[in-house]
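Shown below: final.txt, with compact mmCIF, C-alpha atoms.
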```
# COMPACT_ATOMS: atom_id res chain seq x y z
CA MET A 1 38.03 1.71 -11.39
CA ASN A 2 35.83 -1.43 -11.52
CA ARG A 3 33.34 0.12 -9.11
CA VAL A 4 33.09 3.24 -11.28
CA LEU A 5 32.51 1.09 -14.36
CA THR A 6 29.84 -0.89 -12.54
CA ILE A 7 28.02 2.26 -11.46
CA LEU A 8 28.18 3.69 -14.98
CA VAL A 9 26.76 0.52 -16.51
CA VAL A 10 23.92 0.39 -13.96
CA MET A 11 23.09 4.03 -14.65
CA TYR A 12 23.08 3.30 -18.38
CA PHE A 13 20.54 0.51 -17.93
CA LEU A 14 18.41 2.74 -15.73
CA GLY A 15 18.25 5.25 -18.56
CA LEU A 16 17.00 2.61 -21.00
CA THR A 17 13.88 1.86 -18.98
CA GLY A 18 11.80 4.89 -20.01
CA CYS A 19 8.37 5.44 -18.54
CA ALA A 20 6.32 2.52 -17.34
CA GLY A 21 2.62 2.62 -16.78
CA ARG A 22 0.71 0.41 -14.42
CA TYR A 23 1.18 -2.78 -16.42
CA ASN A 24 3.91 -1.76 -18.83
CA VAL A 25 7.27 -2.59 -17.30
CA GLY A 26 8.80 -4.30 -20.30
CA GLY A 27 9.96 -7.88 -20.47
CA SER A 28 12.27 -9.85 -18.23
CA TYR A 29 15.61 -11.36 -19.15
CA VAL A 30 18.02 -13.64 -17.37
CA GLY A 31 21.43 -13.99 -18.96
CA GLN A 32 24.63 -15.46 -17.62
CA LEU A 33 24.04 -16.58 -14.03
CA PRO A 34 26.66 -16.58 -11.28
CA LYS A 35 27.96 -19.98 -10.19
CA GLY A 36 26.60 -19.41 -6.72
CA GLY A 37 24.57 -16.74 -5.02
CA ILE A 38 21.39 -17.02 -7.06
CA SER A 39 19.30 -17.65 -3.94
CA ALA A 40 20.98 -14.77 -2.12
CA ILE A 41 20.22 -12.36 -4.98
CA ALA A 42 16.56 -13.49 -5.15
CA GLU A 43 16.18 -13.15 -1.38
CA ASP A 44 17.81 -9.71 -1.40
CA ALA A 45 15.43 -8.54 -4.13
CA THR A 46 12.46 -9.90 -2.15
CA ALA A 47 13.62 -8.20 1.03
CA HIS A 48 13.91 -4.88 -0.76
CA LEU A 49 10.51 -5.32 -2.39
CA SER A 50 8.98 -6.03 1.03
CA SER A 51 10.35 -2.69 2.24
CA LEU A 52 8.31 -1.03 -0.52
CA TYR A 53 5.09 -3.09 -0.37
CA PRO A 54 3.44 -5.05 2.48
CA PRO A 55 3.92 -8.75 1.65
CA GLY A 56 0.67 -10.05 3.14
CA ARG A 57 -1.44 -7.52 1.25
CA THR A 58 0.31 -7.22 -2.12
CA SER A 59 -0.26 -9.30 -5.23
CA ILE A 60 2.43 -9.21 -7.90
CA ARG A 61 2.10 -9.78 -11.61
CA LEU A 62 5.58 -11.12 -12.30
CA VAL A 63 6.64 -10.80 -15.94
CA ALA A 64 8.86 -13.84 -16.41
CA PRO A 65 11.19 -14.22 -19.40
CA ASN A 66 9.46 -15.61 -22.50
CA LYS A 67 10.11 -19.26 -23.21
CA GLN A 68 12.92 -19.34 -20.70
CA THR A 69 13.21 -21.50 -17.63
CA ASP A 70 16.04 -20.51 -15.36
CA GLU A 71 17.06 -21.04 -11.78
CA PHE A 72 16.84 -17.35 -10.84
CA THR A 73 13.19 -17.02 -11.89
CA GLN A 74 12.30 -20.12 -9.88
CA LYS A 75 14.19 -18.84 -6.80
CA LEU A 76 12.62 -15.38 -7.08
CA GLU A 77 9.10 -16.79 -7.31
CA THR A 78 9.73 -19.07 -4.32
CA SER A 79 11.25 -16.25 -2.28
CA LEU A 80 8.33 -13.90 -3.02
CA ARG A 81 5.78 -16.54 -2.00
CA GLN A 82 7.69 -17.45 1.17
CA LYS A 83 7.76 -13.79 2.17
CA GLY A 84 3.97 -13.61 1.79
CA PHE A 85 3.47 -12.03 -1.62
CA THR A 86 0.75 -13.41 -3.89
CA LEU A 87 1.77 -14.02 -7.51
CA SER A 88 -1.17 -13.43 -9.81
CA PRO A 89 -1.76 -12.48 -13.47
CA ASN A 90 -4.03 -9.72 -12.10
CA GLY A 91 -1.57 -8.41 -9.50
CA THR A 92 -1.80 -4.86 -8.19
CA VAL A 93 1.96 -4.47 -8.69
CA THR A 94 3.67 -5.47 -11.93
CA MET A 95 7.36 -6.39 -11.89
CA SER A 96 9.87 -7.40 -14.53
CA TYR A 97 13.59 -7.94 -14.07
CA VAL A 98 16.96 -8.34 -15.71
CA LEU A 99 19.79 -10.38 -14.21
CA ASP A 100 23.02 -10.62 -16.15
CA GLU A 101 26.78 -10.44 -15.86
CA LEU A 102 28.75 -7.25 -16.42
CA ARG A 103 31.18 -8.97 -18.74
CA SER A 104 33.86 -6.27 -18.65
CA ALA A 105 34.15 -6.27 -14.84
CA LYS A 106 37.02 -8.13 -13.22
CA PRO A 107 36.37 -9.86 -10.89
CA PRO A 108 32.96 -10.78 -12.32
CA VAL A 109 29.97 -8.69 -11.21
CA TRP A 110 26.27 -9.32 -11.84
CA TYR A 111 23.54 -6.70 -11.95
CA LEU A 112 19.89 -7.06 -11.10
CA GLN A 113 17.39 -4.51 -12.35
CA LEU A 114 13.78 -4.57 -11.12
CA ARG A 115 11.17 -2.55 -13.00
CA ILE A 116 8.09 -2.11 -10.83
CA ALA A 117 4.81 -0.34 -11.55
CA ASP A 118 1.75 0.11 -9.38
CA LYS A 119 -1.34 2.30 -9.51
CA THR A 120 0.50 5.49 -8.52
CA GLN A 121 4.09 5.20 -9.68
CA SER A 122 6.78 3.26 -11.47
CA LYS A 123 10.24 2.45 -10.14
CA THR A 124 13.44 1.07 -11.50
CA ILE A 125 15.70 -0.44 -8.87
CA ALA A 126 19.14 -1.87 -9.57
CA ARG A 127 21.95 -3.44 -7.59
CA SER A 128 25.23 -5.17 -8.38
CA TYR A 129 26.42 -8.43 -6.83
CA THR A 130 29.50 -10.62 -6.60
CA ASP A 131 29.26 -14.18 -7.92
CA ASN A 132 28.37 -15.45 -4.44
CA GLY A 133 25.41 -13.05 -4.17
CA GLN A 134 26.97 -10.41 -1.95
CA PRO A 135 25.90 -6.85 -2.80
CA VAL A 136 28.64 -4.66 -4.28
CA ALA A 137 26.78 -1.43 -3.49
CA GLY A 138 23.38 -0.21 -2.34
CA PHE A 139 20.23 -0.18 -4.44
CA SER A 140 19.86 2.60 -6.95
CA ASN A 141 16.29 3.84 -7.21
CA LEU A 142 14.58 5.83 -9.92
CA SER A 143 10.89 6.61 -9.32
CA THR A 144 8.30 8.43 -11.34
CA GLY A 145 4.86 9.24 -9.98
CA GLY A 146 1.39 9.61 -11.37
CA GLU A 147 1.92 7.63 -14.56
CA SER A 148 -0.97 5.26 -14.12
CA ASN A 149 -2.86 3.97 -17.14
CA ASP A 150 -6.15 3.83 -15.22
```

Hey, can you dump this file as structure tokens for me?
Amino acid sequence: MNRVLTILVVMYFLGLTGCAGRYNVGGSYVGQLPKGGISAIAEDATAHLSSLYPPGRTSIRLVAPNKQTDEFTQKLETSLRQKGFTLSPNGTVTMSYVLDELRSAKPPVWYLQLRIADKTQSKTIARSYTDNGQPVAGFSNLSTGGESND
């Protein structure tokens, strides 16, 4: 039952994303963080992103949460740089994210949603994690093509 609830909640958040143009992926938000596993979640997100874009040739405009300093954002930025991505305000790929706890799930589950837009398409990718950063299920992926604002 918890897995079904988790999947339904992730699908709900996917539906809220709407269309995203090249640089319009919405804002980022980091809520309740797991006690452990923050590094594992950031590294998992980076690994998945590197399966979509070549790290040595991709610059990312990372939309960080406004006026918020949190451990996940720092770990994500470090992980992206270590993998070979360039973080730049003029990046060719724009990415925002949401990391928060699914409060109704027992045991606790966290979800990560990445909203990514490049010149040719936008994607929303989501995955759920345990509090130690282990994935609960695979990545869900919603892509739309040809919605560039060029």

Do you know which residues are at most 7 Å from Leu142 (chain A) counting all atoms listed in the file, after dropping those on the same chain fewer than 5 positions away, and could you put them as a PDB file with C-alpha atoms, keeping the file's coordinate frame?
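Okay, out_11.pdb is ready:
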```pdb
ATOM      1  CA  LYS A 123      10.240   2.450 -10.140  1.00  0.00           C
ATOM      2  CA  THR A 124      13.440   1.070 -11.500  1.00  0.00           C
ATOM      3  CA  ILE A 125      15.700  -0.440  -8.870  1.00  0.00           C
TER       4      ILE A 125
END
```

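With all atoms listed in the file as the atoms that count, the residue of A:Ala45, A:Ala40, A:Leu114, A:Leu102 with the shortest distance to Val63 (chain A) is A:Leu114.
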
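Taking all atoms listed in the file into account, those protein, DNA and RNA residues with any atom at most 9 Å away from (31.7, -14.6, -11.8) amount to A:Leu33, A:Pro34, A:Lys35, A:Gly36, A:Glu101, A:Arg103, A:Lys106, A:Pro107, A:Pro108, A:Val109, A:Trp110, A:Thr130, A:Asp131, A:Asn132.
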
A straight line from CA of Gln74 (chain A) to CA of Ile38 (chain A) spans 10.0 Å

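Taking all atoms listed in the file into account, Ser88 (chain A) lies nearest to A:Ile60 out of the set A:Val25, A:Ala47, A:Leu112, A:Ile60.
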
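Relative to CA of Tyr53 (chain A), CA of Pro89 (chain A) is found at 17.5 Å.
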
Closest of A:Val98, A:Val93, A:Leu76, A:Leu49 to Phe139 (chain A), counting only C-alpha atoms, is A:Leu49

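Of the listed residues A:Asn90, A:Tyr111, A:Ser59, A:Ile116, the one whose atoms come nearest to Pro135 (chain A) is A:Tyr111, with distances taken using all atoms listed in the file.
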
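CA of Glu77 (chain A) lies 16.2 Å from CA of Thr92 (chain A).
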
From the list A:Asn24, A:Tyr29, A:Ser122, A:Val136, the nearest residue to Thr69 (chain A) using all atoms listed in the file is A:Tyr29

| field | For Gly84 (chain A): contacts at 12 Å, all atoms listed in the file, fewer than 2 positions along chain excluded, given as a ChimeraX atom specification | value | /A:46-47,49-50,53-60,77-82,86-87

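Comparing the minimum interatomic distances between Gly27 (chain A) and each of A:Arg127, A:Glu71, A:Gly133, A:Arg61, counting all atoms listed in the file, we find that A:Arg61 sits nearest.
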
When you write region 112-125 of chain A out from the block above, keep all heavy atoms and present the result as a compact mmCIF listing (two decimals), in the first residue's frame, please.
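Generated file (part_27.txt):
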```txt
# COMPACT_ATOMS: atom_id res chain seq x y z
N LEU A 112 12.55 13.02 -4.94
CA LEU A 112 13.34 14.02 -5.65
C LEU A 112 12.72 14.19 -7.02
O LEU A 112 12.47 13.21 -7.72
CB LEU A 112 14.79 13.57 -5.80
CG LEU A 112 15.68 14.48 -6.65
CD1 LEU A 112 15.87 15.85 -5.97
CD2 LEU A 112 17.02 13.83 -6.90
N GLN A 113 12.45 15.43 -7.38
CA GLN A 113 11.93 15.74 -8.71
C GLN A 113 12.92 16.69 -9.37
O GLN A 113 13.27 17.72 -8.79
CB GLN A 113 10.56 16.40 -8.60
CG GLN A 113 9.96 16.75 -9.95
CD GLN A 113 8.70 17.56 -9.80
OE1 GLN A 113 8.76 18.72 -9.40
NE2 GLN A 113 7.57 16.94 -10.10
N LEU A 114 13.38 16.34 -10.56
CA LEU A 114 14.26 17.19 -11.36
C LEU A 114 13.45 17.70 -12.54
O LEU A 114 12.83 16.90 -13.26
CB LEU A 114 15.46 16.40 -11.88
CG LEU A 114 16.33 15.69 -10.83
CD1 LEU A 114 17.41 14.87 -11.53
CD2 LEU A 114 16.95 16.68 -9.87
N ARG A 115 13.47 18.99 -12.76
CA ARG A 115 12.83 19.59 -13.94
C ARG A 115 13.95 20.14 -14.79
O ARG A 115 14.69 21.03 -14.35
CB ARG A 115 11.83 20.67 -13.52
CG ARG A 115 10.65 20.08 -12.76
CD ARG A 115 9.66 21.13 -12.30
NE ARG A 115 10.25 22.17 -11.48
CZ ARG A 115 10.23 22.18 -10.15
NH1 ARG A 115 9.65 21.20 -9.49
NH2 ARG A 115 10.78 23.17 -9.47
N ILE A 116 14.08 19.61 -16.00
CA ILE A 116 15.22 19.89 -16.86
C ILE A 116 14.72 20.39 -18.21
O ILE A 116 13.80 19.80 -18.79
CB ILE A 116 16.05 18.60 -17.08
CG1 ILE A 116 16.44 17.99 -15.73
CG2 ILE A 116 17.27 18.89 -17.93
CD1 ILE A 116 16.90 16.56 -15.82
N ALA A 117 15.32 21.45 -18.70
CA ALA A 117 14.97 21.97 -20.03
C ALA A 117 16.25 22.27 -20.80
O ALA A 117 17.21 22.80 -20.24
CB ALA A 117 14.12 23.22 -19.92
N ASP A 118 16.25 21.89 -22.07
CA ASP A 118 17.35 22.25 -22.96
C ASP A 118 16.76 22.84 -24.23
O ASP A 118 15.57 23.14 -24.28
CB ASP A 118 18.27 21.05 -23.23
CG ASP A 118 17.57 19.89 -23.92
OD1 ASP A 118 16.68 20.13 -24.77
OD2 ASP A 118 17.93 18.74 -23.64
N LYS A 119 17.57 22.99 -25.24
CA LYS A 119 17.14 23.67 -26.46
C LYS A 119 16.01 22.93 -27.18
O LYS A 119 15.19 23.53 -27.86
CB LYS A 119 18.34 23.82 -27.40
CG LYS A 119 18.12 24.73 -28.54
CD LYS A 119 19.43 24.95 -29.28
CE LYS A 119 19.28 26.04 -30.31
NZ LYS A 119 20.56 26.36 -30.94
N THR A 120 15.93 21.62 -27.04
CA THR A 120 14.97 20.83 -27.81
C THR A 120 13.83 20.24 -27.01
O THR A 120 12.82 19.84 -27.60
CB THR A 120 15.68 19.68 -28.54
OG1 THR A 120 16.28 18.81 -27.56
CG2 THR A 120 16.74 20.20 -29.48
N GLN A 121 13.97 20.12 -25.70
CA GLN A 121 12.91 19.45 -24.94
C GLN A 121 12.98 19.80 -23.46
O GLN A 121 13.96 20.35 -23.00
CB GLN A 121 13.01 17.93 -25.11
CG GLN A 121 14.29 17.33 -24.56
CD GLN A 121 14.38 15.85 -24.83
OE1 GLN A 121 13.38 15.18 -25.02
NE2 GLN A 121 15.58 15.32 -24.85
N SER A 122 11.91 19.46 -22.77
CA SER A 122 11.90 19.58 -21.32
C SER A 122 11.53 18.22 -20.74
O SER A 122 10.81 17.44 -21.36
CB SER A 122 10.93 20.66 -20.86
OG SER A 122 9.62 20.36 -21.29
N LYS A 123 12.05 17.95 -19.55
CA LYS A 123 11.84 16.67 -18.89
C LYS A 123 11.53 16.91 -17.42
O LYS A 123 12.05 17.83 -16.81
CB LYS A 123 13.11 15.80 -18.93
CG LYS A 123 13.70 15.50 -20.27
CD LYS A 123 15.04 14.81 -20.03
CE LYS A 123 15.81 14.39 -21.21
NZ LYS A 123 15.84 15.02 -22.41
N THR A 124 10.73 16.05 -16.88
CA THR A 124 10.52 15.99 -15.44
C THR A 124 10.84 14.57 -15.03
O THR A 124 10.25 13.62 -15.55
CB THR A 124 9.08 16.36 -15.06
OG1 THR A 124 8.82 17.68 -15.51
CG2 THR A 124 8.90 16.29 -13.55
N ILE A 125 11.78 14.44 -14.12
CA ILE A 125 12.25 13.14 -13.67
C ILE A 125 12.05 13.08 -12.17
O ILE A 125 12.36 14.04 -11.46
CB ILE A 125 13.74 12.95 -14.03
CG1 ILE A 125 13.91 13.02 -15.55
CG2 ILE A 125 14.28 11.65 -13.48
CD1 ILE A 125 15.33 13.19 -15.99
```
